[in-house]
Structure formats: C-alpha cells, structure tokens
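**Student:** File target.cif follows (mmCIF, C-alpha atoms):
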data_run
loop_
_atom_site.label_atom_id
_atom_site.label_comp_id
_atom_site.auth_asym_id
_atom_site.auth_seq_id
_atom_site.Cartn_x
_atom_site.Cartn_y
_atom_site.Cartn_z
CA MET N 1 -10.92 16.02 16.26
CA GLN N 2 -11.65 15.89 19.96
CA TYR N 3 -12.47 12.69 21.77
CA PRO N 4 -16.28 12.52 22.22
CA PHE N 5 -16.16 11.53 25.89
CA SER N 6 -13.86 11.39 28.89
CA LEU N 7 -12.71 8.18 30.54
CA THR N 8 -13.03 7.56 34.25
CA PRO N 9 -9.83 6.41 35.97
CA ARG N 10 -11.15 2.84 35.99
CA ALA N 11 -12.05 2.93 32.29
CA LEU N 12 -8.72 4.56 31.42
CA ALA N 13 -6.83 1.78 33.18
CA ALA N 14 -8.96 -0.86 31.47
CA VAL N 15 -8.46 0.60 27.99
CA GLU N 16 -4.73 0.92 28.60
CA ALA N 17 -4.56 -2.73 29.65
CA THR N 18 -6.58 -3.82 26.61
CA LEU N 19 -4.55 -1.88 24.06
CA SER N 20 -1.32 -2.47 26.02
CA GLU N 21 0.77 0.01 27.92
CA ALA N 22 3.57 -0.31 25.36
CA ARG N 23 1.28 0.64 22.47
CA LEU N 24 -0.08 3.73 24.18
CA ALA N 25 3.42 4.66 25.35
CA ARG N 26 4.23 5.49 21.71
CA PHE N 27 1.86 8.47 22.01
CA LEU N 28 2.82 9.68 25.47
CA PRO N 29 5.73 11.94 24.39
CA GLU N 30 3.41 13.78 21.98
CA ALA N 31 0.81 13.95 24.78
CA LYS N 32 3.37 15.33 27.26
CA GLY N 33 2.68 12.34 29.50
CA ASP N 34 -1.10 12.84 29.61
CA LYS N 35 -2.70 9.40 29.18
CA HIS N 36 -6.10 10.83 28.29
CA LEU N 37 -4.55 12.81 25.44
CA ALA N 38 -2.46 9.78 24.44
CA ILE N 39 -5.65 7.79 23.89
CA ARG N 40 -7.17 10.64 21.89
CA LEU N 41 -4.01 10.71 19.77
CA TYR N 42 -4.22 6.95 19.35
CA VAL N 43 -7.78 7.24 18.02
CA TRP N 44 -6.80 10.19 15.80
CA ASN N 45 -3.87 8.21 14.40
CA ALA N 46 -6.22 5.30 13.63
CA ARG N 47 -8.49 7.69 11.74
CA LEU N 48 -5.48 9.01 9.87
CA CYS N 49 -4.61 5.45 8.84
CA GLU N 50 -8.20 5.02 7.70
CA ALA N 51 -7.94 8.19 5.60
CA PHE N 52 -5.03 6.65 3.71
CA TYR N 53 -6.95 3.50 2.84
CA LEU N 54 -8.56 4.72 -0.38
CA PRO N 55 -5.57 6.50 -1.97
CA THR N 56 -3.16 3.67 -1.10
CA GLN N 57 -5.65 1.15 -2.50
CA PHE N 58 -5.87 3.12 -5.74
CA ALA N 59 -2.07 3.25 -5.92
CA GLU N 60 -1.58 -0.44 -5.23
CA VAL N 61 -4.13 -1.52 -7.82
CA ALA N 62 -2.61 0.89 -10.34
CA ILE N 63 0.85 -0.59 -9.72
CA ARG N 64 -0.36 -4.18 -10.05
CA ASN N 65 -2.02 -3.42 -13.37
CA ALA N 66 0.97 -1.41 -14.61
CA VAL N 67 3.40 -4.24 -13.88
CA HIS N 68 1.00 -6.83 -15.31
CA ARG N 69 1.00 -5.17 -18.75
CA PRO N 70 4.56 -6.11 -19.78
CA VAL N 71 4.18 -9.56 -18.19
CA LEU N 72 1.13 -10.18 -20.34
CA LYS N 73 2.81 -8.77 -23.45
CA ARG N 74 6.00 -10.79 -23.03
CA PHE N 75 4.63 -14.12 -21.76
CA GLY N 76 1.08 -14.19 -23.11
CA ALA N 77 -2.35 -14.78 -21.59
CA ALA N 78 -1.19 -17.98 -19.87
CA TRP N 79 1.82 -16.28 -18.25
CA CYS N 80 0.94 -17.57 -14.78
CA GLU N 81 1.66 -21.12 -15.94
CA SER N 82 4.32 -20.31 -18.52
CA LYS N 83 7.58 -22.16 -17.93
CA ALA N 84 9.45 -19.23 -19.44
CA PHE N 85 7.97 -16.85 -16.87
CA VAL N 86 8.12 -19.18 -13.88
CA SER N 87 11.78 -19.96 -14.62
CA ILE N 88 12.86 -16.34 -14.04
CA LEU N 89 11.28 -16.19 -10.58
CA PRO N 90 13.08 -16.94 -7.31
CA ASP N 91 11.73 -19.88 -5.31
CA ARG N 92 9.55 -17.84 -2.95
CA MET N 93 7.81 -16.01 -5.79
CA ARG N 94 7.44 -19.22 -7.78
CA ASP N 95 5.88 -20.93 -4.78
CA GLU N 96 3.50 -18.03 -4.17
CA LEU N 97 2.35 -18.05 -7.80
CA THR N 98 1.97 -21.82 -8.04
CA LYS N 99 0.00 -22.05 -4.82
CA LEU N 100 -2.27 -19.14 -5.70
CA VAL N 101 -3.11 -20.54 -9.15
CA ALA N 102 -3.90 -23.96 -7.67
CA ASP N 103 -6.05 -22.46 -4.89
CA GLU N 104 -7.94 -20.15 -7.23
CA LYS N 105 -8.62 -22.91 -9.75
CA ARG N 106 -9.90 -25.17 -6.98
CA GLN N 107 -12.19 -22.48 -5.59
CA ARG N 108 -13.32 -20.82 -8.83
CA ARG N 109 -13.37 -23.89 -11.12
CA HIS N 110 -14.86 -22.85 -14.47
CA ARG N 111 -15.09 -19.22 -13.27
CA PHE N 112 -11.31 -18.95 -12.90
CA THR N 113 -9.74 -16.07 -14.84
CA LEU N 114 -6.41 -14.31 -15.01
CA ASP N 115 -7.92 -11.42 -13.04
CA HIS N 116 -8.07 -13.67 -9.97
CA VAL N 117 -4.32 -14.21 -10.22
CA VAL N 118 -3.54 -10.51 -10.70
CA ALA N 119 -5.63 -9.58 -7.67
CA GLY N 120 -4.53 -12.52 -5.52
CA LEU N 121 -0.76 -12.14 -5.76
CA SER N 122 0.82 -10.03 -3.04
CA PHE N 123 1.86 -6.44 -3.55
CA GLY N 124 5.40 -7.59 -2.85
CA PHE N 125 5.24 -10.03 -5.78
CA TRP N 126 4.37 -7.28 -8.23
CA LEU N 127 6.84 -4.84 -6.71
CA ASN N 128 9.67 -7.37 -7.05
CA LEU N 129 9.01 -7.49 -10.79
CA MET N 130 10.00 -3.81 -10.86
CA THR N 131 13.58 -4.56 -9.77
CA GLN N 132 16.61 -4.54 -12.05
CA ALA N 133 16.56 -8.34 -12.15
CA TYR N 134 13.64 -8.09 -14.60
CA ALA N 135 14.87 -5.11 -16.62
CA LYS N 136 15.68 -7.26 -19.67
CA HIS N 137 12.62 -9.50 -19.41
CA LEU N 138 9.96 -6.87 -18.76
CA TRP N 139 11.25 -3.32 -19.08
CA ALA N 140 13.45 -3.40 -22.17
CA ILE N 141 10.77 -1.49 -24.09
CA GLY N 142 10.77 1.19 -21.40
CA LEU N 143 8.76 2.15 -18.35
CA ARG N 144 6.41 4.59 -19.99
CA TRP N 145 4.24 1.99 -21.61
CA SER N 146 3.07 1.11 -18.09
CA TYR N 147 3.62 4.54 -16.53
CA PRO N 148 2.79 6.99 -19.35
CA ASN N 149 3.05 10.11 -17.17
CA LEU N 150 6.33 9.20 -15.49
CA LEU N 151 8.78 12.08 -15.29
CA LYS N 152 11.71 11.68 -17.68
CA GLU N 153 14.29 11.99 -14.91
CA ILE N 154 12.88 9.00 -13.01
CA ASP N 155 14.62 5.78 -14.03
CA GLN N 156 13.72 2.22 -13.08
CA GLN N 157 15.62 2.26 -9.78
CA ALA N 158 14.17 5.61 -8.73
CA LEU N 159 10.69 4.39 -9.63
CA TYR N 160 11.19 1.20 -7.63
CA ASN N 161 12.33 3.24 -4.63
CA ARG N 162 9.16 5.35 -4.72
CA LEU N 163 6.95 2.27 -5.06
CA ASP N 164 8.78 0.57 -2.20
CA GLN N 165 8.29 3.68 -0.08
CA LEU N 166 4.56 3.25 -0.61
CA ARG N 167 4.79 -0.44 0.30
CA ARG N 168 6.60 0.27 3.57
CA PHE N 169 4.13 3.01 4.53
CA ARG N 170 1.20 0.77 3.60
CA ASN N 171 2.57 -1.94 5.88
CA LYS N 172 2.82 0.51 8.78
CA ILE N 173 -0.85 1.31 8.31
CA ALA N 174 -1.81 -2.37 8.06
CA HIS N 175 0.01 -3.13 11.33
CA HIS N 176 -1.58 -0.18 13.16
CA TYR N 177 1.66 1.74 13.62
CA ALA N 178 1.77 5.39 14.62
CA ILE N 179 2.08 7.38 11.37
CA PHE N 180 1.14 10.88 12.49
CA ASP N 181 4.81 11.82 12.92
CA ARG N 182 6.06 9.85 9.88
CA LYS N 183 5.61 12.67 7.37
CA PRO N 184 2.07 11.75 6.34
CA ARG N 185 1.82 14.69 3.94
CA THR N 186 4.94 13.49 2.15
CA GLU N 187 3.53 9.97 1.98
CA MET N 188 0.25 11.29 0.62
CA GLN N 189 2.09 13.18 -2.10
CA ASN N 190 4.08 10.07 -3.00
CA THR N 191 0.86 8.05 -3.20
CA LEU N 192 -0.80 10.60 -5.49
CA ASP N 193 2.32 10.87 -7.64
CA ILE N 194 2.35 7.12 -8.19
CA ILE N 195 -1.31 7.09 -9.20
CA GLY N 196 -0.70 10.05 -11.49
CA TRP N 197 2.15 8.33 -13.29
CA THR N 198 -0.36 5.78 -14.55
CA CYS N 199 -3.44 8.00 -14.95
CA SER N 200 -3.92 11.70 -14.25
CA ASP N 201 -7.70 11.36 -14.01
CA THR N 202 -7.45 8.62 -11.38
CA ARG N 203 -4.98 10.79 -9.46
CA TRP N 204 -7.49 13.63 -9.52
CA LEU N 205 -10.24 11.35 -8.22
CA ALA N 206 -8.04 9.98 -5.43
CA GLY N 207 -7.10 13.50 -4.40
CA GLU N 208 -10.72 14.61 -4.37
CA LEU N 209 -11.87 11.63 -2.29
CA ALA N 210 -8.99 11.55 0.18
CA ASN N 211 -9.53 13.27 3.53
CA VAL N 212 -6.00 13.00 4.94
CA GLU N 213 -5.56 16.76 5.23
CA ARG N 214 -8.88 17.12 7.04
CA VAL N 215 -7.94 14.48 9.59
CA LEU N 216 -4.50 16.03 10.09
CA SER N 217 -6.15 19.38 10.82
CA ARG N 218 -8.14 17.83 13.67
CA LYS N 219 -5.26 16.71 15.81
CA PRO N 220 -6.34 16.44 19.47
CA ILE N 221 -4.95 18.97 21.90
CA LEU N 222 -5.09 19.37 25.67
#
Have the structure of the file written as structure tokens, please.
**Tutor:**
Amino acid sequence: MQYPFSLTPRALAAVEATLSEARLARFLPEAKGDKHLAIRLYVWNARLCEAFYLPTQFAEVAIRNAVHRPVLKRFGAAWCESKAFVSILPDRMRDELTKLVADEKRQRRHRFTLDHVVAGLSFGFWLNLMTQAYAKHLWAIGLRWSYPNLLKEIDQQALYNRLDQLRRFRNKIAHHYAIFDRKPRTEMQNTLDIIGWTCSDTRWLAGELANVERVLSRKPIL
C-alpha cells in the first residue's frame, strides 16, 4: 500500500512535529532511516490496526457474553446488585460495577436493562472473572458451557492466558502502538481461535470480513 503523495521537506518537518519525532522514530529502523518511508509505514501500521478492529470487537463481545452466562446462572437476573456477587469482588471491581449501575440507571431510567451493564463494564472486569479466584464461584460446572468448542487440553489458566493476550494486543491498538512487528498474524489467529471457541459460525464470519492479511501484503517499500 503505497503512500498516495509525496511530502515536501517543509510538510515532512511539519508532520513529524505534529506526530512527534519520538513516535515516528519507532518506524525509522524498519525504514532504514528514511523519514518518508517511516511516515508511510506509520500510515500502514494505522491501517493494520484498523483491520483488527472488527475481529477483536467480535472476540471481546463473545468473551463478555461467555463470562456473563455463569454469572447469570449462579447469581440470577439481578446479579449486578446481588450482595452475594458483589461480596466476591475486589474493591476496584466492586466500585466499577456500583458506579456503572448507578450511572446507567440515572441515564436510562425506565429503559435500563441488564444488557447496559454487560456492555458497559470494562473488558478487564470480565477478564478478571476468568481467573482462578472465581473457579469455585463461576467455573465449577466447567468451561465448556460458555466455550463449547474449547479444546480439551486448554484448562482455565491456559484459557485466561489466551484471553489476556488478546486484551494486551487490543490495548496496543487502542493506544496507537506499532504492531506490524508484533506478530500480527499470530495475534489474528489467537483472535479467531477465541471467537471459534464460543461459536464456529461467528469465527467464520470474522475471518471472512477481516482484511488483516490484505493490509499486511501491502507493506510500503522504498
């Protein structure tokens, strides 16, 4: 994917100042010191991040819903205000939940539903419920009720590690980090695997819609 125009020396200096010299410096080794190519790589990397948006969104929503199932089963439809549930949370998670419920009720009023809570809680909140601390409370009946296609050799800790890998990669994308040299193909496979553990059809759709490989194939060159 070649850059559609060339920058004059003045424009190059201005863009570098706007984006910051330090940020573009991350791409200079790959560009062999060529600042024009570094900017093209920066744009290409941004497009690569964009290509990950849809599959990582599918994966995150799938994880939230998968973790929500045993919470709902164990603590009931009013789990977000259940003393039994709230009591097993650390302070930071309890505070996040309490604040979100209060904010959503104030904004939604009579339109407030549990779906607003599921969507509003952070990815980190749901991921923390996958840790061993909640094995007895949520996962005693097994993981495959929430992840029906999970490979038999993957236990709770291994599953958590794969989900946390997705979280860390997702955060790199959200903070506009360089990901082109962070094994994007491996991260894409992990993302699709996670979706597939909950639903093979959704994994197929994510794979069909994703254009990560196409963007990777269009890496700028001198």
**Student:** Between atom CA of N:Trp126 and atom CA of N:Arg69, what is the spacing in Å?
**Tutor:**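 Those two atoms sit 11.2 Å apart.
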**Student:** Give me the stretch 12-67 of chain N side of the contact with stretch 187-193 of chain N, cut-off 7 Å, one line per residue showing its nearest atom pair and distance in Å at one decimal, counting only C-alpha atoms, sorted by chain and residue number, as a Markdown table.
**Tutor:**
| residue | atom | partner | partner_atom | distance |
| --- | --- | --- | --- | --- |
| N:Pro55 | CA | N:Thr191 | CA | 6.7 |
| N:Thr56 | CA | N:Thr191 | CA | 6.3 |
| N:Ala59 | CA | N:Thr191 | CA | 6.2 |
**Student:** Could you state which residues are captured by the PyMOL selection byres ((chain N and resi 47) around 12) in this file, as number ranges by chain?
**Tutor:** N: 1, 3, 40-46, 48-53, 173, 176-180, 211-220
**Student:** Suppose you want the space between atom CA of N:Val101 and atom CA of N:Ser82; what is it in Å?
**Tutor:**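 The value is 12.0 Å.
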**Student:** Please compute the atom CA of N:Ile39-atom CA of N:Gly207 distance, one decimal, in Å.
**Tutor:**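 Value for the atom CA of N:Ile39-atom CA of N:Gly207 distance: 28.9 Å.
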**Student:** Within 12 Å of N:Asp155, counting all atoms listed in the file, which residues qualify if same-chain residues fewer than 5 places away don't, as a list in words?
**Tutor:**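 So, after excluding close chain neighbours, the residues are Met130, Thr131, Gln132, Ala135, Trp139, Gly142, Leu143, Arg144, Tyr147, Leu150, Tyr160, Asn161 and Arg162 of chain N.
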**Student:** Kindly compute an axis-aligned box around the listed atoms of stretch 10-23 of chain N, allowing 3 Å on each side, and express its centre and edge lengths in Å to one decimal as JSON.
**Tutor:**
{"center_x": -4.2, "center_y": 0.4, "center_z": 29.2, "size_x": 21.6, "size_y": 14.4, "size_z": 19.5}
**Student:** For N:Val71, which of N:Ser146, N:Thr186, N:Asn171, N:Gln165 is the closest residue, counting all atoms listed in the file?
**Tutor:**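 With all atoms listed in the file as the atom set, the closest residue is N:Ser146.
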**Student:** Just say which residues the PyMOL selection byres ((chain N and resi 92-97) around 12) picks in this file, as an mmCIF file with C-alpha atoms, in the coordinates of the input.
**Tutor:**
data_model
loop_
_atom_site.group_PDB
_atom_site.id
_atom_site.type_symbol
_atom_site.label_atom_id
_atom_site.label_comp_id
_atom_site.auth_asym_id
_atom_site.auth_seq_id
_atom_site.Cartn_x
_atom_site.Cartn_y
_atom_site.Cartn_z
ATOM 1 C CA TRP N 79 1.820 -16.280 -18.250
ATOM 2 C CA CYS N 80 0.940 -17.570 -14.780
ATOM 3 C CA GLU N 81 1.660 -21.120 -15.940
ATOM 4 C CA SER N 82 4.320 -20.310 -18.520
ATOM 5 C CA LYS N 83 7.580 -22.160 -17.930
ATOM 6 C CA ALA N 84 9.450 -19.230 -19.440
ATOM 7 C CA PHE N 85 7.970 -16.850 -16.870
ATOM 8 C CA VAL N 86 8.120 -19.180 -13.880
ATOM 9 C CA SER N 87 11.780 -19.960 -14.620
ATOM 10 C CA ILE N 88 12.860 -16.340 -14.040
ATOM 11 C CA LEU N 89 11.280 -16.190 -10.580
ATOM 12 C CA PRO N 90 13.080 -16.940 -7.310
ATOM 13 C CA ASP N 91 11.730 -19.880 -5.310
ATOM 14 C CA THR N 98 1.970 -21.820 -8.040
ATOM 15 C CA LYS N 99 0.000 -22.050 -4.820
ATOM 16 C CA LEU N 100 -2.270 -19.140 -5.700
ATOM 17 C CA VAL N 101 -3.110 -20.540 -9.150
ATOM 18 C CA ALA N 102 -3.900 -23.960 -7.670
ATOM 19 C CA ASP N 103 -6.050 -22.460 -4.890
ATOM 20 C CA GLU N 104 -7.940 -20.150 -7.230
ATOM 21 C CA LEU N 114 -6.410 -14.310 -15.010
ATOM 22 C CA HIS N 116 -8.070 -13.670 -9.970
ATOM 23 C CA VAL N 117 -4.320 -14.210 -10.220
ATOM 24 C CA VAL N 118 -3.540 -10.510 -10.700
ATOM 25 C CA ALA N 119 -5.630 -9.580 -7.670
ATOM 26 C CA GLY N 120 -4.530 -12.520 -5.520
ATOM 27 C CA LEU N 121 -0.760 -12.140 -5.760
ATOM 28 C CA SER N 122 0.820 -10.030 -3.040
ATOM 29 C CA PHE N 123 1.860 -6.440 -3.550
ATOM 30 C CA GLY N 124 5.400 -7.590 -2.850
ATOM 31 C CA PHE N 125 5.240 -10.030 -5.780
ATOM 32 C CA TRP N 126 4.370 -7.280 -8.230
ATOM 33 C CA LEU N 127 6.840 -4.840 -6.710
ATOM 34 C CA ASN N 128 9.670 -7.370 -7.050
ATOM 35 C CA LEU N 129 9.010 -7.490 -10.790
#
**Student:** Pick out the closest residue to N:Gln156 from this set: N:His36, N:Ala133, N:Gln107, N:Leu205. Count only C-alpha atoms.
**Tutor:**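 Ranking N:His36, N:Ala133, N:Gln107, N:Leu205 by distance to N:Gln156, first place goes to N:Ala133.
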**Student:** Between N:Leu12, N:Ala174, N:Ile141, N:Leu54, which one has atoms that come closest to N:Ala38, using all atoms listed in the file?
**Tutor:**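 When distances to N:Ala38 are compared using all atoms listed in the file, the smallest one comes from N:Leu12.
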**Student:** Please return, as a ChimeraX atom specification, all polymer residues that have at least one atom within 9 Å of the point (-5.0, 2.7, -11.5); use only C-alpha atoms and the file's own coordinate frame.
**Tutor:** /N:58-66,195-196,198-199,202-203
**Student:** Between N:Asp115, N:Glu208, N:Ala158, N:Phe169, which residue has the minimum interatomic distance to N:Ala77, considering all atoms listed in the file?
**Tutor:**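 Residue with the minimum atom-to-atom distance to N:Ala77: N:Asp115.
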